[in-house]
$ cat upload-v2.tsv   # TSV, C-alpha atoms
chain	number	residue	atom	x	y	z
A	1	MET	CA	17.01	-9.03	88.86
A	2	SER	CA	18.30	-8.01	92.26
A	3	VAL	CA	16.47	-5.78	94.75
A	4	GLY	CA	18.44	-2.75	93.55
A	5	ASP	CA	17.41	-3.46	89.97
A	6	VAL	CA	13.73	-3.58	90.97
A	7	ILE	CA	13.93	-0.27	92.86
A	8	SER	CA	15.83	1.29	90.00
A	9	ALA	CA	13.29	0.04	87.44
A	10	VAL	CA	10.38	1.45	89.44
A	11	LEU	CA	12.12	4.81	89.82
A	12	LEU	CA	13.13	5.03	86.16
A	13	ILE	CA	9.69	4.17	84.78
A	14	GLY	CA	7.97	6.36	87.38
A	15	GLY	CA	10.17	9.31	86.48
A	16	ALA	CA	9.57	8.82	82.77
A	17	VAL	CA	5.80	8.61	83.35
A	18	PHE	CA	6.00	11.84	85.36
A	19	CYS	CA	7.87	13.49	82.48
A	20	LEU	CA	5.22	12.33	80.01
A	21	LEU	CA	2.35	13.54	82.22
A	22	GLY	CA	4.03	16.91	82.66
A	23	ALA	CA	4.50	17.21	78.91
A	24	LEU	CA	0.85	16.35	78.29
A	25	GLY	CA	-0.12	18.99	80.85
A	26	VAL	CA	2.00	21.56	79.05
A	27	LEU	CA	0.18	20.66	75.84
A	28	TRP	CA	-3.37	20.56	77.22
A	29	PHE	CA	-3.62	23.34	79.79
A	30	PRO	CA	-5.16	26.57	78.49
A	31	ASP	CA	-2.98	29.28	80.04
A	32	VAL	CA	0.67	30.21	80.57
A	33	THR	CA	0.40	29.98	84.35
A	34	ALA	CA	-1.50	26.69	84.21
A	35	ARG	CA	1.17	25.27	81.88
A	36	LEU	CA	3.80	26.54	84.31
A	37	GLN	CA	2.23	24.44	87.01
A	38	ALA	CA	2.38	21.35	84.80
A	39	ALA	CA	5.92	22.08	83.58
A	40	THR	CA	7.41	22.06	87.07
A	41	LYS	CA	6.59	18.37	87.61
A	42	PRO	CA	9.12	16.84	85.18
A	43	GLN	CA	11.60	19.54	86.13
A	44	THR	CA	11.85	18.49	89.76
A	45	LEU	CA	10.25	15.18	90.75
A	46	GLY	CA	10.52	13.46	87.36
A	47	LEU	CA	14.19	14.30	86.92
A	48	ILE	CA	15.06	13.41	90.50
A	49	MET	CA	13.41	9.99	90.14
A	50	LEU	CA	15.35	9.38	86.91
A	51	LEU	CA	18.62	10.45	88.52
A	52	VAL	CA	18.14	8.29	91.62
A	53	GLY	CA	17.26	5.32	89.43
A	54	THR	CA	20.45	5.91	87.45
A	55	ALA	CA	22.53	6.33	90.62
A	56	ILE	CA	21.43	2.89	91.83
A	57	GLN	CA	22.64	1.38	88.55
A	58	LEU	CA	26.02	3.12	88.59
A	59	ASP	CA	28.96	2.84	90.99
A	60	PHE	CA	28.75	4.52	94.37
A	61	LEU	CA	31.40	7.01	93.23
A	62	TYR	CA	29.12	8.67	90.67
A	63	GLY	CA	26.22	9.23	93.04
A	64	SER	CA	27.61	12.54	94.29
A	65	GLY	CA	27.63	14.06	90.81
A	66	LEU	CA	24.04	12.98	90.17
A	67	ILE	CA	22.99	14.46	93.53
A	68	MET	CA	24.68	17.71	92.49
A	69	VAL	CA	22.66	17.81	89.26
A	70	ALA	CA	19.44	17.11	91.20
A	71	MET	CA	20.17	19.85	93.76
A	72	PHE	CA	20.99	22.31	91.00
A	73	GLN	CA	17.70	21.53	89.26
A	74	MET	CA	15.78	21.96	92.51
A	75	ILE	CA	17.35	25.40	92.98
A	76	THR	CA	16.89	26.69	89.43
A	77	ALA	CA	13.43	25.34	88.50
A	78	PRO	CA	11.49	27.57	90.98
A	79	VAL	CA	13.53	30.61	89.90
A	80	ILE	CA	12.56	30.18	86.25
A	81	SER	CA	8.93	29.43	87.19
A	82	GLN	CA	8.74	32.59	89.26
A	83	MET	CA	10.26	34.70	86.48
A	84	VAL	CA	7.94	33.27	83.82
A	85	GLY	CA	4.90	33.84	86.04
A	86	ARG	CA	5.95	37.39	86.83
A	87	VAL	CA	6.59	38.27	83.18
A	88	ALA	CA	3.33	36.58	82.14
A	89	TYR	CA	1.44	38.74	84.60
A	90	ARG	CA	3.15	41.99	83.69
A	91	THR	CA	3.03	41.59	79.91
A	92	GLY	CA	-0.58	40.42	79.88
A	93	ALA	CA	0.06	36.94	78.51
A	94	MET	CA	-2.35	35.37	81.04
A	95	ARG	CA	-6.09	35.79	81.46
A	96	LYS	CA	-6.46	37.83	84.62
A	97	GLU	CA	-10.17	37.06	84.93
A	98	SER	CA	-9.21	33.44	85.66
A	99	LEU	CA	-7.57	34.48	88.94
A	100	VAL	CA	-9.50	34.00	92.19
A	101	VAL	CA	-7.30	36.32	94.26
A	102	ASP	CA	-5.16	39.03	92.66
A	103	GLU	CA	-3.08	40.58	95.43
A	104	LEU	CA	-0.31	41.71	93.08
A	105	GLY	CA	-2.83	43.69	91.03
A	106	GLU	CA	-4.17	45.44	94.14
A	107	ARG	CA	-0.67	46.26	95.28
A	108	LEU	CA	0.40	47.55	91.85
A	109	ALA	CA	-2.70	49.75	91.70
A	110	ARG	CA	-1.98	51.09	95.20
A	111	GLU	CA	1.65	51.89	94.38
A	112	GLU	CA	0.66	53.56	91.16
A	113	GLY	CA	-1.61	55.80	93.20
A	114	THR	CA	1.14	56.86	95.61
A	115	GLY	CA	3.66	57.42	92.80
A	116	LYS	CA	6.06	54.65	93.82
A	117	SER	CA	7.38	52.52	91.03
A	118	GLY	CA	7.47	48.80	91.70
B	1	MET	CA	16.69	-4.58	82.75
B	2	GLN	CA	17.09	-3.79	79.05
B	3	ILE	CA	13.29	-3.75	78.72
B	4	VAL	CA	13.06	-1.19	81.54
B	5	PHE	CA	15.60	1.06	79.82
B	6	ALA	CA	13.73	0.72	76.52
B	7	ILE	CA	10.38	1.64	78.14
B	8	THR	CA	11.95	4.61	79.95
B	9	LEU	CA	13.54	5.97	76.79
B	10	ALA	CA	10.31	5.45	74.82
B	11	LEU	CA	8.31	7.40	77.42
B	12	LEU	CA	10.89	10.20	77.39
B	13	CYS	CA	10.75	10.34	73.58
B	14	ALA	CA	6.94	10.55	73.68
B	15	ALA	CA	7.19	13.40	76.20
B	16	GLY	CA	9.69	15.16	73.93
B	17	LEU	CA	7.33	14.86	70.94
B	18	VAL	CA	4.44	16.31	72.97
B	19	ILE	CA	6.66	19.18	74.13
B	20	VAL	CA	7.76	19.90	70.55
B	21	ILE	CA	4.08	20.23	69.54
B	22	ARG	CA	3.67	22.92	72.23
B	23	LEU	CA	6.95	24.52	71.11
B	24	VAL	CA	5.69	24.85	67.53
B	25	ARG	CA	2.16	25.96	68.45
B	26	GLY	CA	2.77	28.02	71.60
B	27	PRO	CA	0.81	31.24	71.18
B	28	THR	CA	3.18	33.35	73.27
B	29	THR	CA	6.95	33.48	73.61
B	30	LEU	CA	6.64	32.48	77.26
B	31	ASP	CA	5.00	29.18	76.23
B	32	ARG	CA	7.95	28.46	73.97
B	33	ILE	CA	10.47	29.30	76.69
B	34	LEU	CA	8.62	26.96	79.04
B	35	ALA	CA	8.60	24.19	76.42
B	36	VAL	CA	12.34	24.55	75.76
B	37	ASP	CA	12.96	24.42	79.50
B	38	VAL	CA	11.08	21.12	79.84
B	39	LEU	CA	12.87	19.80	76.74
B	40	VAL	CA	16.26	20.49	78.35
B	41	VAL	CA	15.14	18.55	81.43
B	42	LEU	CA	14.07	15.63	79.21
B	43	ILE	CA	17.49	15.68	77.52
B	44	VAL	CA	19.22	15.59	80.91
B	45	GLY	CA	17.05	12.67	82.03
B	46	GLY	CA	17.64	10.78	78.78
B	47	THR	CA	21.39	11.25	79.10
B	48	ALA	CA	21.24	9.93	82.67
B	49	VAL	CA	19.38	6.82	81.46
B	50	GLY	CA	22.01	6.43	78.73
B	51	MET	CA	24.69	6.48	81.42
B	52	ALA	CA	22.84	3.75	83.30
B	53	ILE	CA	22.67	1.65	80.13
B	54	GLN	CA	26.40	1.94	79.49
B	55	GLN	CA	27.25	1.46	83.21
B	56	ASP	CA	29.63	4.40	82.85
B	57	GLY	CA	29.32	7.61	84.83
B	58	SER	CA	31.89	9.78	83.11
B	59	ASN	CA	29.22	11.95	81.45
B	60	ILE	CA	28.01	13.56	84.69
B	61	ALA	CA	29.83	16.80	83.84
B	62	LEU	CA	27.77	16.88	80.62
B	63	LEU	CA	24.55	16.65	82.66
B	64	ALA	CA	25.60	19.54	84.91
B	65	ALA	CA	26.65	21.65	81.91
B	66	VAL	CA	23.41	21.07	80.01
B	67	ALA	CA	21.29	21.88	83.08
B	68	LEU	CA	23.31	25.07	83.67
B	69	LEU	CA	22.99	26.15	80.02
B	70	GLY	CA	19.25	25.52	80.09
B	71	PHE	CA	18.86	27.66	83.19
B	72	ILE	CA	20.94	30.56	81.85
B	73	GLY	CA	19.27	30.46	78.44
B	74	SER	CA	15.73	30.41	79.81
B	75	MET	CA	16.53	33.19	82.26
B	76	ALA	CA	18.05	35.38	79.52
B	77	ALA	CA	15.06	34.81	77.22
B	78	VAL	CA	12.55	35.61	79.98
B	79	ARG	CA	14.40	38.80	80.88
B	80	LEU	CA	14.40	39.77	77.20
B	81	VAL	CA	10.62	39.28	76.97
B	82	GLU	CA	10.19	41.37	80.12
B	83	LYS	CA	12.37	44.15	78.73
B	84	LYS	CA	10.52	44.22	75.41
B	85	GLY	CA	7.23	44.49	77.29
B	86	THR	CA	5.22	42.38	74.85
B	87	HIS	CA	4.67	38.66	74.80
B	88	ARG	CA	4.24	38.08	71.08

$ encode --input "upload-v2.tsv" --output "structure tokens"
Amino acid sequence: MSVGDVISAVLLIGGAVFCLLGALGVLWFPDVTARLQAATKPQTLGLIMLLVGTAIQLDFLYGSGLIMVAMFQMITAPVISQMVGRVAYRTGAMRKESLVVDELGERLAREEGTGKSG
Amino acid sequence: MQIVFAITLALLCAAGLVIVIRLVRGPTTLDRILAVDVLVVLIVGGTAVGMAIQQDGSNIALLAAVALLGFIGSMAAVRLVEKKGTHR
């Protein structure tokens, strides 16, 4: 095994372990928002480690495409997380008593009082 | 190197099984959307490892397409849940 193979092996197995840990977190955590926090790990770091490990194995030519996939995932994963969190809050899918600080609730209550619709 | 690929694919399969358990159980629709989203990422990662096994990078367009479809599908489903106003 060459040096590149060793680096690639570490990245591939590390990424797969990250994916497994994220999946276990999605299974074990009690709440939608807590699961959200676990689900973002395989979506960004796990996938990027897998893609970099693959890029080392492939020709230099294909690296640009894999970087494109990684960048795309880094852009879209926070968008979906934010939307899921927002919808979970507004439809009551999460336990609000588990929050330490609830600034959105205060703001929504204030805007309801002044008649503005958020 | 074949052993590394085998371990990686086995770990990804285990993660997929765990995610499918959450997909079947998931009390709310949002949990299921989240599980499908992670499952799409696992499929993309598994395809990338498959490309490394075959030493052939001509499937990169497939990776980009699957990631794009996962994003659009999850976004549409979340917007639908928001519009309906309930999470069941």

$ interface_residues --input "upload-v2.tsv" --of "chain A" --to "chain B" --cutoff "7 Å" --atoms "all atoms listed in the file" --output "number ranges by chain"
A: 9, 12-13, 16-17, 19-20, 23-24, 27, 32, 39, 43, 47, 50-51, 54, 57-58, 62, 65-66, 69, 76, 80, 83-84, 87, 91, 93

$ atom_distance --input "upload-v2.tsv" --atom1 "atom CA of Arg107 of chain A" --atom2 "atom CA of Ala34 of chain A"
22.5 Å

$ atom_distance --input "upload-v2.tsv" --atom1 "atom CA of Glu112 of chain A" --atom2 "atom CA of Gly92 of chain A"
17.4 Å

$ atom_distance --input "upload-v2.tsv" --atom1 "atom CA of Arg110 of chain A" --atom2 "atom CA of Gly85 of chain A"
20.7 Å

$ residues_around --input "upload-v2.tsv" --residues "Met94 of chain A" --least-positions-apart "3" --cutoff "7 Å" --atoms "all atoms listed in the file" --output "ChimeraX atom specification"
/A:31-33,88-89

$ axis_aligned_box --input "upload-v2.tsv" --around "segment 60-75 of chain B" --padding-each-side "3 Å" --output "lines of an AutoDock Vina configuration file"
center_x = 22.8
center_y = 23.4
center_z = 81.7
size_x = 20.1
size_y = 25.6
size_z = 12.5

$ closest_residue --input "upload-v2.tsv" --among "A:Gly22, A:Pro30, A:Ile48, A:Phe60" --to "Ser98 of chain A" --atoms "all atoms listed in the file"
A:Pro30

$ closest_residue --input "upload-v2.tsv" --among "A:Phe72, A:Arg35, A:Leu104, A:Ser64" --to "Arg90 of chain A" --atoms "all atoms listed in the file"
A:Leu104
